[in-house]
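**Q** First the structure, then my questions, so here it is.
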Amino acid sequence: MEVVAVERETDDAVSVTLAPRDGRPVAFDAGQFLTLEVTVEGSVQRRAYSLSSSAADGSRLSVTVKRVAGGLVSNYVHNQLKVGDRIAVLGPSGAFTVGEVSAPRHVVLVAGGSGITPMMSILRTHLVSSSALSFTLVYGSRDRQSVIFRGALDALASEHPERLTVIY
């Protein structure tokens, strides 16, 4: 895949948007993850990162990476990965999804720190495509500046006040 955007979310989190080089959309379920394969210090490294983008658009897939002290791949992503770079990607993988979406129900999502990433994909996907679902998100973070996706979450809550409640 090719890196088409790198966007800083907080001081220690970035979202990397990838596009398939062959132009064919990638089908995935909201809540799944990709495994990025990068070469760092001459060694191939693989790390799994949750998708944060909507599953409705497989032409652009975003993962959000929180910097880890001493982390080979997270620091590589933060310090060196740039638009135009090409990286190998495995997946999508994982079964952390909301499952059946046609029956009306209320889903409670609980996240802390970078654990918001798959929840963001779920919200971005199902608030638009699954009118039967409503959500309450309880999200803990060490401080206001560390809230990943704060602006996007507030915008989603404003756009869907009857279907999304966010509790920080």
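Following the order of the structure tokens, first chain is A, next is B, and so on, with residues numbered from 1 inside each chain and ligands from 1 in the order they appear.
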Would you return as a PyMOL selection string the members of segment 3-162 of chain A that DSSP assigns to strand (DSSP E or B) on this structure's backbone?
**A** chain A and resi 3-10+13-19+33-40+43-51+61-66+86+88-93+105-112+133-140
**Q** Identify, on the basis of only C-alpha atoms, every residue whose closest approach to Pro118 of chain A does not exceed 9 Å; exclude the query and any residue fewer than 6 positions from it along the same chain; express the result as a list in words.
**A**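 The residues satisfying every condition are Ala30, Gly31, Gln32, Phe33, Ser50, Leu51, Ser52, Ser53, Phe96 and Thr97 of chain A.
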**Q** Contacts of Ala56 of chain A at 9 Å or less, counting only C-alpha atoms, minus same-chain residues fewer than 6 places along, as a PyMOL selection string?
**A** chain A and resi 27-30+124-125+128-129
**Q** Which residues are close to Gly112 of chain A, i.e. within 6 Å by only C-alpha atoms, leaving aside same-chain residues fewer than 2 positions away? Reply as a PyMOL selection string.
**A** chain A and resi 115+139-141
**Q** Could you turn the residues from that selection into a file that holds all heavy atoms, as a PDB file, in the first residue's frame?
**A**
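Final output, saved to again.pdb:
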```pdb
ATOM      1  N   GLY A 115      -6.918   2.790  22.747  1.00  0.00           N
ATOM      2  CA  GLY A 115      -7.977   1.798  22.540  1.00  0.00           C
ATOM      3  C   GLY A 115      -9.202   2.385  21.859  1.00  0.00           C
ATOM      4  O   GLY A 115     -10.124   1.660  21.486  1.00  0.00           O
ATOM      5  N   TYR A 139     -14.975   6.975  27.347  1.00  0.00           N
ATOM      6  CA  TYR A 139     -13.589   7.053  26.898  1.00  0.00           C
ATOM      7  C   TYR A 139     -12.724   7.731  27.944  1.00  0.00           C
ATOM      8  O   TYR A 139     -12.925   8.898  28.265  1.00  0.00           O
ATOM      9  CB  TYR A 139     -13.546   7.817  25.565  1.00  0.00           C
ATOM     10  CG  TYR A 139     -12.179   8.017  24.960  1.00  0.00           C
ATOM     11  CD1 TYR A 139     -11.115   7.156  25.209  1.00  0.00           C
ATOM     12  CD2 TYR A 139     -11.948   9.087  24.115  1.00  0.00           C
ATOM     13  CE1 TYR A 139      -9.875   7.354  24.631  1.00  0.00           C
ATOM     14  CE2 TYR A 139     -10.706   9.298  23.524  1.00  0.00           C
ATOM     15  CZ  TYR A 139      -9.670   8.428  23.801  1.00  0.00           C
ATOM     16  OH  TYR A 139      -8.442   8.630  23.224  1.00  0.00           O
ATOM     17  N   GLY A 140     -11.745   6.996  28.452  1.00  0.00           N
ATOM     18  CA  GLY A 140     -10.828   7.534  29.445  1.00  0.00           C
ATOM     19  C   GLY A 140      -9.483   7.871  28.830  1.00  0.00           C
ATOM     20  O   GLY A 140      -8.986   7.158  27.966  1.00  0.00           O
ATOM     21  N   SER A 141      -8.922   8.987  29.267  1.00  0.00           N
ATOM     22  CA  SER A 141      -7.621   9.430  28.794  1.00  0.00           C
ATOM     23  C   SER A 141      -6.914  10.134  29.943  1.00  0.00           C
ATOM     24  O   SER A 141      -7.576  10.641  30.853  1.00  0.00           O
ATOM     25  CB  SER A 141      -7.797  10.384  27.612  1.00  0.00           C
ATOM     26  OG  SER A 141      -6.584  10.615  26.969  1.00  0.00           O
TER      27      SER A 141
END
```
**Q** What is the atom CA of Val68 of chain A-atom CA of Ile167 of chain A distance in Å, reported with one decimal?
**A** 25.8 Å
**Q** Residues near Gly84 of chain A, anyone? I mean within 8 Å using only C-alpha atoms, not counting same-chain ones fewer than 5 positions away, as a VMD selection string.
**A** chain A and resid 2 to 4
**Q** Keeping C-alpha atoms for every residue in the selection just given, could you write it to a file as a compact mmCIF listing (two decimals), in the first residue's frame?
**A**
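Okay, this is what ended up in part_22.txt:
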```txt
# COMPACT_ATOMS: atom_id res chain seq x y z
CA GLU A 2 1.02 3.60 -0.39
CA VAL A 3 1.00 6.20 2.38
CA VAL A 4 -1.28 9.03 1.22
```
**Q** May I ask which of the residues A:Ser93, A:Ser146, A:Ser74, A:Ser54 is the closest one to Ile122 of chain A, counting only C-alpha atoms?
**A**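 Distance minimum relative to Ile122 of chain A lands on A:Ser54.
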**Q** List every residue of chain A that DSSP, applied to the backbone of this structure, places in alpha helix (DSSP H), and write the result as a PyMOL selection string.
**A** chain A and resi 72-79+116-129+150-159
**Q** Which polymer residues have any atom within 8 Å of an atom of Asp154 of chain A, counting only C-alpha atoms, with same-chain residues fewer than 4 positions away left out, as a VMD selection string?
**A** chain A and resid 150 158 166
**Q** Would you mind telling me which residue in A:Thr39, A:Thr64, A:Thr165, A:Ser130 lies nearest to Gly113 of chain A when using only C-alpha atoms?
**A**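 Of A:Thr39, A:Thr64, A:Thr165, A:Ser130, the one nearest Gly113 of chain A, counting only C-alpha atoms, is A:Thr64.
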**Q** Neighbouring residues of Thr17 of chain A were defined as those with any atom within 7 Å, considering only C-alpha atoms; residues of the same chain fewer than 2 positions away were excluded. Please report them as a PyMOL selection string.
**A** chain A and resi 3-6+15+19+60-63
**Q** Could those selected residues go to a file with all heavy atoms, as a PDB file, in the first residue's frame?
**A**
```pdb
ATOM      1  N   VAL A   3       1.381   5.208   1.376  1.00  0.00           N
ATOM      2  CA  VAL A   3       0.996   6.197   2.383  1.00  0.00           C
ATOM      3  C   VAL A   3       0.526   7.443   1.641  1.00  0.00           C
ATOM      4  O   VAL A   3       1.268   8.022   0.852  1.00  0.00           O
ATOM      5  CB  VAL A   3       2.175   6.534   3.316  1.00  0.00           C
ATOM      6  CG1 VAL A   3       1.776   7.632   4.299  1.00  0.00           C
ATOM      7  CG2 VAL A   3       2.657   5.286   4.044  1.00  0.00           C
ATOM      8  N   VAL A   4      -0.742   7.846   1.881  1.00  0.00           N
ATOM      9  CA  VAL A   4      -1.283   9.034   1.217  1.00  0.00           C
ATOM     10  C   VAL A   4      -1.491  10.198   2.185  1.00  0.00           C
ATOM     11  O   VAL A   4      -1.716  11.323   1.744  1.00  0.00           O
ATOM     12  CB  VAL A   4      -2.582   8.722   0.439  1.00  0.00           C
ATOM     13  CG1 VAL A   4      -2.292   7.753  -0.708  1.00  0.00           C
ATOM     14  CG2 VAL A   4      -3.669   8.180   1.344  1.00  0.00           C
ATOM     15  N   ALA A   5      -1.410   9.933   3.490  1.00  0.00           N
ATOM     16  CA  ALA A   5      -1.518  11.010   4.479  1.00  0.00           C
ATOM     17  C   ALA A   5      -0.971  10.528   5.810  1.00  0.00           C
ATOM     18  O   ALA A   5      -1.090   9.350   6.152  1.00  0.00           O
ATOM     19  CB  ALA A   5      -2.963  11.462   4.646  1.00  0.00           C
ATOM     20  N   VAL A   6      -0.372  11.462   6.559  1.00  0.00           N
ATOM     21  CA  VAL A   6       0.045  11.232   7.933  1.00  0.00           C
ATOM     22  C   VAL A   6      -0.450  12.434   8.715  1.00  0.00           C
ATOM     23  O   VAL A   6      -0.051  13.566   8.453  1.00  0.00           O
ATOM     24  CB  VAL A   6       1.581  11.091   8.063  1.00  0.00           C
ATOM     25  CG1 VAL A   6       1.968  10.892   9.523  1.00  0.00           C
ATOM     26  CG2 VAL A   6       2.108   9.949   7.197  1.00  0.00           C
ATOM     27  N   SER A  15      -2.355   9.349  12.732  1.00  0.00           N
ATOM     28  CA  SER A  15      -3.142   8.491  11.848  1.00  0.00           C
ATOM     29  C   SER A  15      -2.436   8.444  10.501  1.00  0.00           C
ATOM     30  O   SER A  15      -2.047   9.485   9.960  1.00  0.00           O
ATOM     31  CB  SER A  15      -4.563   9.035  11.677  1.00  0.00           C
ATOM     32  OG  SER A  15      -5.303   8.859  12.868  1.00  0.00           O
ATOM     33  N   ALA A  19      -3.473   3.743   0.801  1.00  0.00           N
ATOM     34  CA  ALA A  19      -4.295   3.452  -0.379  1.00  0.00           C
ATOM     35  C   ALA A  19      -3.719   2.230  -1.079  1.00  0.00           C
ATOM     36  O   ALA A  19      -2.497   2.109  -1.222  1.00  0.00           O
ATOM     37  CB  ALA A  19      -4.308   4.645  -1.330  1.00  0.00           C
ATOM     38  N   ARG A  60      -9.394   4.067   0.970  1.00  0.00           N
ATOM     39  CA  ARG A  60      -8.479   4.745   1.888  1.00  0.00           C
ATOM     40  C   ARG A  60      -8.667   4.110   3.260  1.00  0.00           C
ATOM     41  O   ARG A  60      -9.751   4.151   3.824  1.00  0.00           O
ATOM     42  CB  ARG A  60      -8.785   6.241   1.992  1.00  0.00           C
ATOM     43  CG  ARG A  60      -8.632   7.017   0.702  1.00  0.00           C
ATOM     44  CD  ARG A  60      -7.154   7.263   0.424  1.00  0.00           C
ATOM     45  NE  ARG A  60      -6.899   8.143  -0.695  1.00  0.00           N
ATOM     46  CZ  ARG A  60      -6.761   7.742  -1.956  1.00  0.00           C
ATOM     47  NH1 ARG A  60      -6.913   6.473  -2.266  1.00  0.00           N
ATOM     48  NH2 ARG A  60      -6.470   8.597  -2.913  1.00  0.00           N
ATOM     49  N   LEU A  61      -7.613   3.524   3.796  1.00  0.00           N
ATOM     50  CA  LEU A  61      -7.666   2.871   5.092  1.00  0.00           C
ATOM     51  C   LEU A  61      -6.723   3.596   6.035  1.00  0.00           C
ATOM     52  O   LEU A  61      -5.566   3.831   5.699  1.00  0.00           O
ATOM     53  CB  LEU A  61      -7.237   1.402   4.978  1.00  0.00           C
ATOM     54  CG  LEU A  61      -8.208   0.469   4.273  1.00  0.00           C
ATOM     55  CD1 LEU A  61      -8.145   0.627   2.780  1.00  0.00           C
ATOM     56  CD2 LEU A  61      -7.930  -0.963   4.653  1.00  0.00           C
ATOM     57  N   SER A  62      -7.230   3.952   7.209  1.00  0.00           N
ATOM     58  CA  SER A  62      -6.395   4.650   8.188  1.00  0.00           C
ATOM     59  C   SER A  62      -6.188   3.788   9.421  1.00  0.00           C
ATOM     60  O   SER A  62      -7.125   3.148   9.907  1.00  0.00           O
ATOM     61  CB  SER A  62      -7.041   5.966   8.607  1.00  0.00           C
ATOM     62  OG  SER A  62      -7.100   6.858   7.525  1.00  0.00           O
ATOM     63  N   VAL A  63      -4.949   3.792   9.897  1.00  0.00           N
ATOM     64  CA  VAL A  63      -4.621   3.197  11.184  1.00  0.00           C
ATOM     65  C   VAL A  63      -4.069   4.318  12.053  1.00  0.00           C
ATOM     66  O   VAL A  63      -3.514   5.288  11.545  1.00  0.00           O
ATOM     67  CB  VAL A  63      -3.587   2.053  11.066  1.00  0.00           C
ATOM     68  CG1 VAL A  63      -4.154   0.876  10.293  1.00  0.00           C
ATOM     69  CG2 VAL A  63      -2.281   2.528  10.454  1.00  0.00           C
TER      70      VAL A  63
END
```
**Q** Tell me which of A:Ala13, A:Ile87, A:Leu36, A:Val107 sits closest to Ile148 of chain A, counting only C-alpha atoms.
**A**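 Looking at the shortest contact to Ile148 of chain A, the residue is A:Ala13.
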